[in-house]
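Coordinates from input-v3.csv are shown below (CSV, C-alpha atoms).
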chain,number,residue,atom,x,y,z
A,1,MET,CA,157.1,188.2,159.6
A,2,LYS,CA,159.2,188.7,156.4
A,3,ARG,CA,162.4,186.7,156.5
A,4,PHE,CA,165.5,187.6,154.5
A,5,LEU,CA,168.5,185.4,153.8
A,6,LEU,CA,171.2,187.6,152.2
A,7,ALA,CA,174.4,186.7,150.4
A,8,THR,CA,176.8,188.4,148.0
A,9,VAL,CA,177.6,186.0,145.2
A,10,LEU,CA,180.6,186.8,143.0
A,11,GLY,CA,180.6,185.8,139.4
A,12,PHE,CA,177.1,184.4,139.1
A,13,GLY,CA,173.8,185.5,137.7
A,14,VAL,CA,170.2,184.2,137.2
A,15,LEU,CA,167.4,183.5,134.8
A,16,ALA,CA,165.7,185.6,132.2
A,17,ALA,CA,165.6,189.3,133.0
A,18,GLY,CA,166.5,192.1,130.7
A,19,PRO,CA,169.9,193.6,131.3
A,20,ALA,CA,169.5,197.2,132.3
A,21,GLY,CA,172.9,198.6,131.8
A,22,ALA,CA,175.6,198.0,129.1
A,23,ALA,CA,176.5,200.9,126.9
A,24,SER,CA,173.5,201.4,124.6
A,25,MET,CA,173.7,200.5,120.9
A,26,ASP,CA,171.7,201.8,118.0
A,27,ILE,CA,172.0,200.8,114.3
A,28,ASN,CA,170.7,202.2,111.1
A,29,ALA,CA,167.5,200.1,111.1
A,30,ARG,CA,163.9,201.1,111.5
A,31,GLU,CA,163.3,198.2,113.9
A,32,TYR,CA,165.5,195.7,115.7
A,33,VAL,CA,165.8,193.4,118.6
A,34,LEU,CA,168.8,191.4,119.9
A,35,VAL,CA,168.0,188.4,122.2
A,36,ASP,CA,170.1,185.9,124.1
A,37,PHE,CA,169.0,182.4,123.0
A,38,HIS,CA,169.5,180.6,126.3
A,39,THR,CA,167.9,183.1,128.7
A,40,GLY,CA,165.5,185.0,126.4
A,41,SER,CA,167.0,188.3,127.7
A,42,VAL,CA,166.6,191.3,125.4
A,43,LEU,CA,170.0,193.0,125.1
A,44,GLY,CA,168.8,195.8,122.8
A,45,ALA,CA,165.7,196.8,121.0
A,46,LYS,CA,164.0,199.5,118.9
A,47,ASN,CA,160.3,199.2,118.0
A,48,ALA,CA,160.6,195.5,118.9
A,49,ASP,CA,156.8,195.0,119.1
A,50,LYS,CA,155.9,197.1,116.1
A,51,PRO,CA,154.1,195.2,113.4
A,52,MET,CA,156.1,195.6,110.2
A,53,PRO,CA,156.2,194.1,106.7
A,54,PRO,CA,158.6,191.1,107.1
A,55,SER,CA,159.1,190.4,103.5
A,56,SER,CA,160.8,187.0,103.0
A,57,MET,CA,161.6,186.7,106.7
A,58,SER,CA,158.1,185.5,107.1
A,59,LYS,CA,159.2,182.4,105.2
A,60,LEU,CA,160.5,181.3,108.6
A,61,MET,CA,156.9,180.6,109.5
A,62,THR,CA,156.3,178.7,106.3
A,63,ALA,CA,159.4,176.6,107.1
A,64,TYR,CA,158.2,176.0,110.7
A,65,MET,CA,154.9,174.6,109.3
A,66,VAL,CA,156.8,172.3,106.9
A,67,PHE,CA,159.1,171.1,109.7
A,68,ASP,CA,156.1,170.3,111.8
A,69,ALA,CA,154.5,168.3,109.0
A,70,LEU,CA,157.7,166.4,108.5
A,71,LYS,CA,158.0,165.6,112.3
A,72,THR,CA,154.4,164.4,112.4
A,73,GLY,CA,154.8,162.3,109.3
A,74,ARG,CA,152.3,164.1,107.1
A,75,ILE,CA,155.0,164.4,104.5
A,76,SER,CA,158.5,163.2,104.0
A,77,LEU,CA,161.7,164.7,102.5
A,78,ASP,CA,161.4,162.2,99.6
A,79,ASP,CA,157.8,163.1,98.7
A,80,GLU,CA,157.5,164.7,95.3
A,81,LEU,CA,155.1,167.6,94.9
A,82,THR,CA,153.6,169.0,91.7
A,83,VAL,CA,154.3,172.6,90.7
A,84,SER,CA,151.0,174.2,89.9
A,85,ARG,CA,150.5,176.8,87.3
A,86,GLY,CA,149.5,179.3,90.0
A,87,ALA,CA,152.7,178.6,92.0
A,88,TRP,CA,154.7,179.2,88.8
A,89,GLN,CA,152.8,182.4,87.9
A,90,MET,CA,153.0,183.9,91.4
A,91,GLY,CA,156.5,182.7,92.3
A,92,GLY,CA,158.3,181.5,89.2
A,93,ALA,CA,160.8,183.1,86.9
A,94,ALA,CA,158.2,185.3,85.2
A,95,SER,CA,157.1,186.8,88.6
A,96,GLY,CA,160.1,189.0,89.0
A,97,GLY,CA,160.6,188.0,92.6
A,98,SER,CA,162.9,185.6,94.4
A,99,THR,CA,162.4,182.2,92.7
A,100,MET,CA,163.7,178.7,92.7
A,101,PHE,CA,163.1,178.6,88.9
A,102,LEU,CA,160.5,175.8,89.1
A,103,ASN,CA,158.7,174.7,85.9
A,104,PRO,CA,154.9,174.2,85.9
A,105,GLY,CA,153.8,170.6,85.9
A,106,THR,CA,157.1,169.2,87.2
A,107,ARG,CA,157.4,167.2,90.4
A,108,VAL,CA,159.9,168.3,93.0
A,109,LYS,CA,161.1,166.6,96.2
A,110,VAL,CA,160.2,168.2,99.4
A,111,GLU,CA,163.9,168.3,100.4
A,112,ASP,CA,164.7,170.3,97.3
A,113,LEU,CA,161.8,172.6,97.9
A,114,LEU,CA,163.0,173.3,101.4
A,115,ARG,CA,166.4,174.3,100.2
A,116,GLY,CA,164.8,176.4,97.4
A,117,MET,CA,162.8,178.2,100.1
A,118,ILE,CA,165.5,178.6,102.7
A,119,VAL,CA,168.7,179.1,100.7
A,120,GLN,CA,167.3,180.6,97.5
A,121,SER,CA,164.3,182.3,99.1
A,122,GLY,CA,162.1,180.9,96.3
A,123,ASN,CA,158.5,182.2,96.4
A,124,ASP,CA,157.5,179.3,94.1
A,125,ALA,CA,158.8,176.7,96.5
A,126,CYS,CA,156.8,178.3,99.3
A,127,ILE,CA,153.6,178.2,97.3
A,128,VAL,CA,154.1,174.6,96.2
A,129,LEU,CA,154.6,173.5,99.8
A,130,ALA,CA,151.6,175.6,101.0
A,131,GLU,CA,149.3,174.1,98.4
A,132,ALA,CA,150.4,170.5,99.3
A,133,LEU,CA,149.9,171.0,103.0
A,134,ALA,CA,146.6,172.9,103.0
A,135,GLY,CA,145.1,172.7,99.6
A,136,SER,CA,145.6,176.4,98.9
A,137,GLU,CA,147.9,179.2,99.9
A,138,GLU,CA,145.0,181.0,101.6
A,139,ALA,CA,144.1,178.0,103.7
A,140,PHE,CA,147.8,177.6,104.6
A,141,ALA,CA,148.0,181.2,105.8
A,142,GLU,CA,145.1,180.5,108.2
A,143,GLN,CA,147.1,177.6,109.5
A,144,MET,CA,150.1,179.9,109.9
A,145,ASN,CA,148.0,182.3,111.9
A,146,ALA,CA,146.8,179.5,114.3
A,147,LYS,CA,150.3,178.3,114.8
A,148,ALA,CA,151.6,181.8,115.5
A,149,LYS,CA,149.0,182.2,118.3
A,150,GLU,CA,150.1,178.8,119.7
A,151,LEU,CA,153.7,180.0,119.8
A,152,GLY,CA,152.8,183.2,121.5
A,153,MET,CA,153.5,185.5,118.5
A,154,THR,CA,151.0,188.3,119.4
A,155,ASN,CA,151.9,190.8,116.7
A,156,SER,CA,151.9,188.7,113.6
A,157,HIS,CA,149.3,188.0,110.9
A,158,PHE,CA,149.8,186.1,107.6
A,159,MET,CA,148.1,186.4,104.3
A,160,ASN,CA,150.5,184.3,102.2
A,161,SER,CA,153.4,181.8,102.5
A,162,THR,CA,156.0,184.0,100.8
A,163,GLY,CA,156.0,187.4,102.5
A,164,LEU,CA,155.0,189.3,99.4
A,165,PRO,CA,153.5,192.7,100.4
A,166,HIS,CA,150.0,192.8,101.8
A,167,ASP,CA,148.5,195.3,104.1
A,168,GLU,CA,147.3,192.6,106.5
A,169,HIS,CA,150.6,190.6,106.4
A,170,TYR,CA,152.9,191.6,109.2
A,171,MET,CA,155.2,190.5,112.0
A,172,SER,CA,157.1,192.2,114.8
A,173,PRO,CA,160.8,191.9,115.4
A,174,ARG,CA,160.1,190.2,118.8
A,175,ASP,CA,157.8,187.6,117.1
A,176,LEU,CA,160.5,186.8,114.5
A,177,ALA,CA,163.0,186.3,117.3
A,178,THR,CA,160.6,184.1,119.1
A,179,LEU,CA,160.0,182.1,115.9
A,180,ALA,CA,163.8,181.8,115.2
A,181,ARG,CA,164.3,180.5,118.7
A,182,ARG,CA,161.6,177.9,118.3
A,183,ILE,CA,163.0,176.7,115.0
A,184,ILE,CA,166.4,176.1,116.6
A,185,THR,CA,164.9,174.5,119.6
A,186,ASP,CA,162.1,172.4,118.1
A,187,TYR,CA,163.7,171.3,114.8
A,188,PRO,CA,167.5,171.0,115.2
A,189,GLU,CA,167.6,168.3,112.6
A,190,TYR,CA,166.6,170.8,109.9
A,191,TYR,CA,168.2,173.9,111.2
A,192,SER,CA,171.5,173.2,109.4
A,193,LEU,CA,169.8,174.1,106.2
A,194,TYR,CA,169.9,177.7,107.2
A,195,GLY,CA,173.7,177.6,107.2
A,196,GLU,CA,174.1,176.4,103.6
A,197,THR,CA,175.6,179.1,101.4
A,198,SER,CA,174.4,177.9,98.0
A,199,PHE,CA,172.0,175.5,96.3
A,200,THR,CA,171.7,174.4,92.7
A,201,TYR,CA,168.4,173.5,91.1
A,202,ASN,CA,167.4,173.3,87.4
A,203,ASN,CA,171.2,173.9,86.6
A,204,ILE,CA,171.0,177.3,88.3
A,205,THR,CA,173.1,178.0,91.4
A,206,GLN,CA,172.0,180.7,93.8
A,207,GLY,CA,173.8,181.8,97.0
A,208,ASN,CA,172.3,182.4,100.4
A,209,ARG,CA,171.7,186.1,100.9
A,210,ASN,CA,172.5,186.1,104.6
A,211,PRO,CA,175.6,188.3,104.8
A,212,LEU,CA,176.7,187.1,108.2
A,213,LEU,CA,177.3,183.6,106.9
A,214,TYR,CA,180.3,184.9,104.9
A,215,ARG,CA,181.9,186.9,107.7
A,216,VAL,CA,185.0,185.1,109.1
A,217,GLY,CA,184.6,184.5,112.9
A,218,SER,CA,181.0,185.7,113.0
A,219,GLY,CA,179.7,182.3,114.2
A,220,ALA,CA,176.5,182.9,112.1
A,221,ASP,CA,174.6,179.8,111.1
A,222,GLY,CA,171.2,181.2,110.0
A,223,LEU,CA,168.5,182.3,109.4
A,224,LYS,CA,166.8,184.5,106.7
A,225,THR,CA,167.0,187.8,104.8
A,226,GLY,CA,164.1,189.8,103.4
A,227,HIS,CA,163.6,192.8,101.1
A,228,THR,CA,160.8,194.6,99.5
A,229,ALA,CA,160.5,198.3,98.6
A,230,ILE,CA,158.1,199.0,101.4
A,231,ALA,CA,159.9,196.8,104.0
A,232,GLY,CA,163.5,197.8,103.2
A,233,TYR,CA,166.3,195.4,103.9
A,234,GLY,CA,165.9,192.9,106.7
A,235,LEU,CA,167.7,190.1,108.4
A,236,THR,CA,166.8,187.5,111.1
A,237,ALA,CA,170.1,186.0,112.1
A,238,SER,CA,171.6,183.7,114.7
A,239,ALA,CA,175.2,183.2,115.7
A,240,ILE,CA,177.0,181.1,118.3
A,241,ARG,CA,180.4,182.0,119.9
A,242,ASN,CA,182.0,180.0,122.7
A,243,GLY,CA,178.8,178.1,123.3
A,244,ARG,CA,176.7,181.2,123.6
A,245,ARG,CA,174.0,182.0,121.0
A,246,LEU,CA,172.4,185.3,120.1
A,247,ILE,CA,169.4,186.0,117.8
A,248,LEU,CA,169.1,189.2,115.9
A,249,VAL,CA,166.2,190.7,114.0
A,250,ALA,CA,166.6,193.9,112.1
A,251,ASN,CA,164.4,195.5,109.4
A,252,GLY,CA,164.0,198.7,107.5
A,253,MET,CA,167.6,199.2,106.5
A,254,ASP,CA,168.4,201.3,103.4
A,255,THR,CA,170.9,199.1,101.5
A,256,MET,CA,172.4,195.6,101.4
A,257,ARG,CA,175.6,197.1,102.7
A,258,ASP,CA,173.7,198.4,105.8
A,259,ARG,CA,172.2,195.0,106.3
A,260,ASP,CA,175.7,193.5,106.3
A,261,GLU,CA,177.5,196.1,108.4
A,262,GLU,CA,174.9,197.2,110.8
A,263,THR,CA,173.8,193.7,111.8
A,264,ALA,CA,177.4,192.6,112.2
A,265,LYS,CA,178.0,195.6,114.5
A,266,LEU,CA,175.0,194.8,116.6
A,267,MET,CA,175.9,191.1,116.9
A,268,ASP,CA,179.5,191.9,117.9
A,269,TRP,CA,178.2,194.3,120.5
A,270,GLY,CA,176.0,191.7,122.1
A,271,PHE,CA,178.7,189.2,122.4
A,272,ARG,CA,181.2,191.8,123.7
A,273,GLU,CA,179.2,193.6,126.2
A,274,PHE,CA,177.1,190.8,127.8
A,275,THR,CA,177.8,187.5,129.4
A,276,ASN,CA,175.8,184.6,130.8
A,277,ARG,CA,176.2,183.4,134.4
A,278,SER,CA,174.8,180.3,136.0
A,279,LEU,CA,173.7,180.4,139.6
A,280,PHE,CA,171.5,177.4,140.5
A,281,ALA,CA,170.7,174.0,139.0
A,282,ALA,CA,167.1,172.7,138.9
A,283,GLY,CA,166.2,170.9,142.1
A,284,GLU,CA,169.1,172.4,144.1
A,285,VAL,CA,168.4,173.2,147.7
A,286,VAL,CA,169.0,177.0,148.1
A,287,THR,CA,168.3,177.2,151.9
A,288,ASP,CA,165.7,176.2,154.4
A,289,ALA,CA,162.7,178.1,155.9
A,290,GLU,CA,161.2,178.0,159.4
A,291,VAL,CA,157.8,176.2,159.7
A,292,TRP,CA,155.1,177.1,162.2
A,293,LEU,CA,153.1,174.3,163.9
A,294,GLY,CA,154.6,171.7,161.6
A,295,ASP,CA,155.8,168.1,162.3
A,296,ALA,CA,159.2,169.5,161.1
A,297,GLY,CA,160.8,172.7,162.3
A,298,SER,CA,162.0,173.7,158.8
A,299,VAL,CA,161.6,172.8,155.2
A,300,ASN,CA,164.2,172.9,152.4
A,301,LEU,CA,163.6,175.4,149.6
A,302,VAL,CA,164.5,174.2,146.1
A,303,ILE,CA,164.9,176.0,142.8
A,304,PRO,CA,162.5,174.6,140.2
A,305,ARG,CA,164.6,175.1,137.2
A,306,ASP,CA,168.1,175.9,136.0
A,307,VAL,CA,168.8,179.6,136.8
A,308,MET,CA,170.9,181.6,134.4
A,309,VAL,CA,171.0,185.2,133.5
A,310,THR,CA,172.4,187.4,130.8
A,311,VAL,CA,174.2,190.4,132.5
A,312,PRO,CA,176.4,193.3,131.3
A,313,ARG,CA,179.9,192.2,131.9
A,314,ALA,CA,180.4,195.1,134.4
A,315,ALA,CA,177.5,193.7,136.5
A,316,SER,CA,178.7,190.1,136.6
A,317,GLN,CA,180.5,190.5,139.9
A,318,GLY,CA,179.1,191.3,143.3
A,319,LEU,CA,175.5,190.2,142.6
A,320,GLU,CA,173.3,190.3,145.7
A,321,VAL,CA,171.2,187.2,146.2
A,322,LYS,CA,168.4,187.3,148.8
A,323,VAL,CA,165.8,184.7,149.8
A,324,VAL,CA,162.5,186.2,150.9
A,325,TYR,CA,159.5,184.5,152.5
A,326,GLU,CA,156.7,185.3,155.0
A,327,GLY,CA,157.7,183.2,158.0
A,328,PRO,CA,157.6,181.1,159.8
A,329,ILE,CA,155.6,179.3,157.1
A,330,PRO,CA,152.4,177.8,158.6
A,331,ALA,CA,151.9,174.0,158.2
A,332,PRO,CA,150.7,172.0,156.4
A,333,ILE,CA,153.0,172.6,153.4
A,334,ALA,CA,152.7,170.6,150.2
A,335,LYS,CA,155.8,169.5,148.3
A,336,GLY,CA,156.2,171.8,145.3
A,337,ALA,CA,154.3,174.7,146.8
A,338,GLU,CA,155.9,178.1,146.0
A,339,VAL,CA,156.6,179.4,149.5
A,340,ALA,CA,159.5,181.8,148.9
A,341,LYS,CA,161.5,183.6,146.3
A,342,VAL,CA,165.0,184.4,145.3
A,343,VAL,CA,165.6,188.1,144.6
A,344,ILE,CA,168.8,189.0,142.7
A,345,LYS,CA,170.1,192.5,142.4
A,346,GLY,CA,173.3,194.0,140.9
A,347,LYS,CA,174.8,197.0,139.3
A,348,ASP,CA,173.1,197.8,136.0
A,349,LEU,CA,170.8,194.8,136.4
A,350,GLU,CA,167.0,195.0,136.8
A,351,PRO,CA,165.9,193.0,139.9
A,352,ILE,CA,165.1,189.4,139.2
A,353,GLU,CA,162.8,187.2,141.1
A,354,VAL,CA,162.7,183.4,140.9
A,355,PRO,CA,160.2,181.3,143.0
A,356,LEU,CA,161.4,178.7,145.5
A,357,GLN,CA,159.4,175.5,146.2
A,358,ALA,CA,159.0,173.3,149.3
A,359,ALA,CA,161.2,170.3,148.8
A,360,THR,CA,159.0,168.0,150.9
A,361,ASP,CA,155.6,167.7,152.5
A,362,VAL,CA,155.3,169.1,156.0
A,363,GLY,CA,152.4,167.9,158.1
A,364,ARG,CA,150.6,169.9,160.8
A,365,LEU,CA,151.3,169.2,164.4
A,366,GLY,CA,148.7,167.4,166.4
A,367,TYR,CA,146.6,169.1,169.1
A,368,VAL,CA,149.1,168.6,171.9
A,369,GLY,CA,152.0,169.7,169.8
A,370,ARG,CA,150.1,172.9,168.8
A,371,LEU,CA,149.5,173.6,172.5
A,372,LYS,CA,153.2,173.3,173.3
A,373,ALA,CA,154.1,175.6,170.4
A,374,ALA,CA,151.6,178.2,171.5
A,375,ALA,CA,152.9,178.1,175.1
A,376,ALA,CA,156.5,178.5,173.8
A,377,TYR,CA,155.3,181.5,171.7
A,378,ILE,CA,153.8,183.1,174.8
A,379,VAL,CA,156.9,182.5,176.9
A,380,PHE,CA,159.7,183.1,174.4
A,381,GLY,CA,158.0,185.2,171.7
A,382,PRO,CA,158.1,184.6,167.9
A,383,PRO,CA,161.1,182.9,166.3
A,384,GLN,CA,164.0,185.2,165.5
A,385,ALA,CA,164.8,186.0,161.9
A,386,PRO,CA,167.7,183.8,160.6
A,387,ALA,CA,171.1,185.3,160.3
A,388,SER,CA,172.5,186.1,156.9
A,389,GLN,CA,174.0,183.1,155.1
A,390,PRO,CA,175.4,182.4,151.7
A,391,ALA,CA,173.2,180.6,149.2
A,392,PRO,CA,175.0,177.7,147.5
A,393,ALA,CA,175.8,178.4,143.9
A,394,GLN,CA,177.5,176.6,141.0
Could you show the structure in this file as structure tokens?
Amino acid sequence: MKRFLLATVLGFGVLAAGPAGAASMDINAREYVLVDFHTGSVLGAKNADKPMPPSSMSKLMTAYMVFDALKTGRISLDDELTVSRGAWQMGGAASGGSTMFLNPGTRVKVEDLLRGMIVQSGNDACIVLAEALAGSEEAFAEQMNAKAKELGMTNSHFMNSTGLPHDEHYMSPRDLATLARRIITDYPEYYSLYGETSFTYNNITQGNRNPLLYRVGSGADGLKTGHTAIAGYGLTASAIRNGRRLILVANGMDTMRDRDEETAKLMDWGFREFTNRSLFAAGEVVTDAEVWLGDAGSVNLVIPRDVMVTVPRAASQGLEVKVVYEGPIPAPIAKGAEVAKVVIKGKDLEPIEVPLQAATDVGRLGYVGRLKAAAAYIVFGPPQAPASQPAPAQ
């Protein structure tokens, strides 16, 4: 028999489902996605899984690889790397692209190369780092591809460390958002580099091209712009306001002004129209469930993780929370077994399901106990479904 425990919970929400209903938003971009950092909910999207030329936004992957090498001790910030003639030719001043203005044959600290890549978008800095870590830029690109698969980036493929155009070099907006989220989560000690607005090297000062960093009150603190003729203008950005962080990826915009104004509009919309609500804490007992032929008549049901959701503000009140399980649950039951689920519904909210686990082991009754239970079943019938009751919430 299917059991339902039903409660209306005011002012709370749950984990990781896409909000269905705030007023839709579109911007003048060929592709975009807007994601809540904490829940992973997608607030708005257009062509989010379409492979696209990412231009310099793919330097985020190069940076992730360098951060990983720093964390594992393969290199240090104080290490000095030699600028090869190939790095200078492909990414230096003579190349006509974004450059840190490195000189061939010189030795440069890894810390400076990171700032040259992140703040100045220097192609030469990327190539020097790639050659140091993998021997060649081609070998480094293969390592990037392996890491992308590991991170779950299913619509990305790299041919170089810089993002310079290549038919087989692409990323999707969703993959870029995934990567940005991992940079912030995995390497917070280096993330502050993305918020720096200028860097001086070789007596040349260059400003960060991320337009949101200069908007008062935007809360922006990263990440990376991109532009080529084929890709258009792009931006992967993150901003935090009142403790809530959003990640935005937009590409294929026509002008720098569009990149500034359209991304700011989308970010403002995400903060204005949506909110995060917390419902349960990891390990919290949500309710209990009846047990059949067990050495205990019921078992507590616990939530395995913190439960939070991003919801349209109009849907944040009057959420319906329902615990569903096939019951009574036959013994034996192992602690941690998923034996039920919480289902959350609300206006303009796609239904959300979160598994519930048994809080303890429940053994099976012995032979005599099972006989007594069978007799009670014959005389009194099956247990009655429990009455509706509120689920505790934070």
For segment 46-48 of chain A, work out the shell of residues within 9 Å, counting only C-alpha atoms and skipping chain neighbours fewer than 5 positions away, then give it as a list in words.
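The filter keeps Asp26, Ala29, Arg30, Glu31, Tyr32, Val33, Ser172, Pro173, Arg174, Asp175 and Val249 of chain A.
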Restricting to all atoms listed in the file, whichever of A:Asp186, A:Glu261, A:Asp361, A:Glu168 is closest to Pro211 of chain A is A:Glu261
Of the candidates A:Met253, A:Leu248, A:Leu129, A:Met308, which shows the shortest atom-to-atom distance to Thr236 of chain A, using only C-alpha atoms?
A:Leu248
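Among the candidates A:Ala231, A:Ala132, A:Val324, A:Met267, the residue lying nearest to Thr255 of chain A is A:Ala231 (atoms considered: only C-alpha atoms).
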Test item: which residues lie within 10 Å of (161.4, 166.7, 95.4) counting all atoms listed in the file, as a PyMOL selection string:
chain A and resi 76-82+106-114
Selected residue, from A:Arg85, A:Lys71, A:Arg259, A:Lys59, that lies nearest to Asn160 of chain A when counting only C-alpha atoms
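Ranked by minimum distance to Asn160 of chain A, first place goes to A:Lys59.
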Counting all atoms listed in the file, the option among A:Asn202, A:Ser298, A:Asn145, A:Gln120 closest to Asn103 of chain A:
A:Asn202
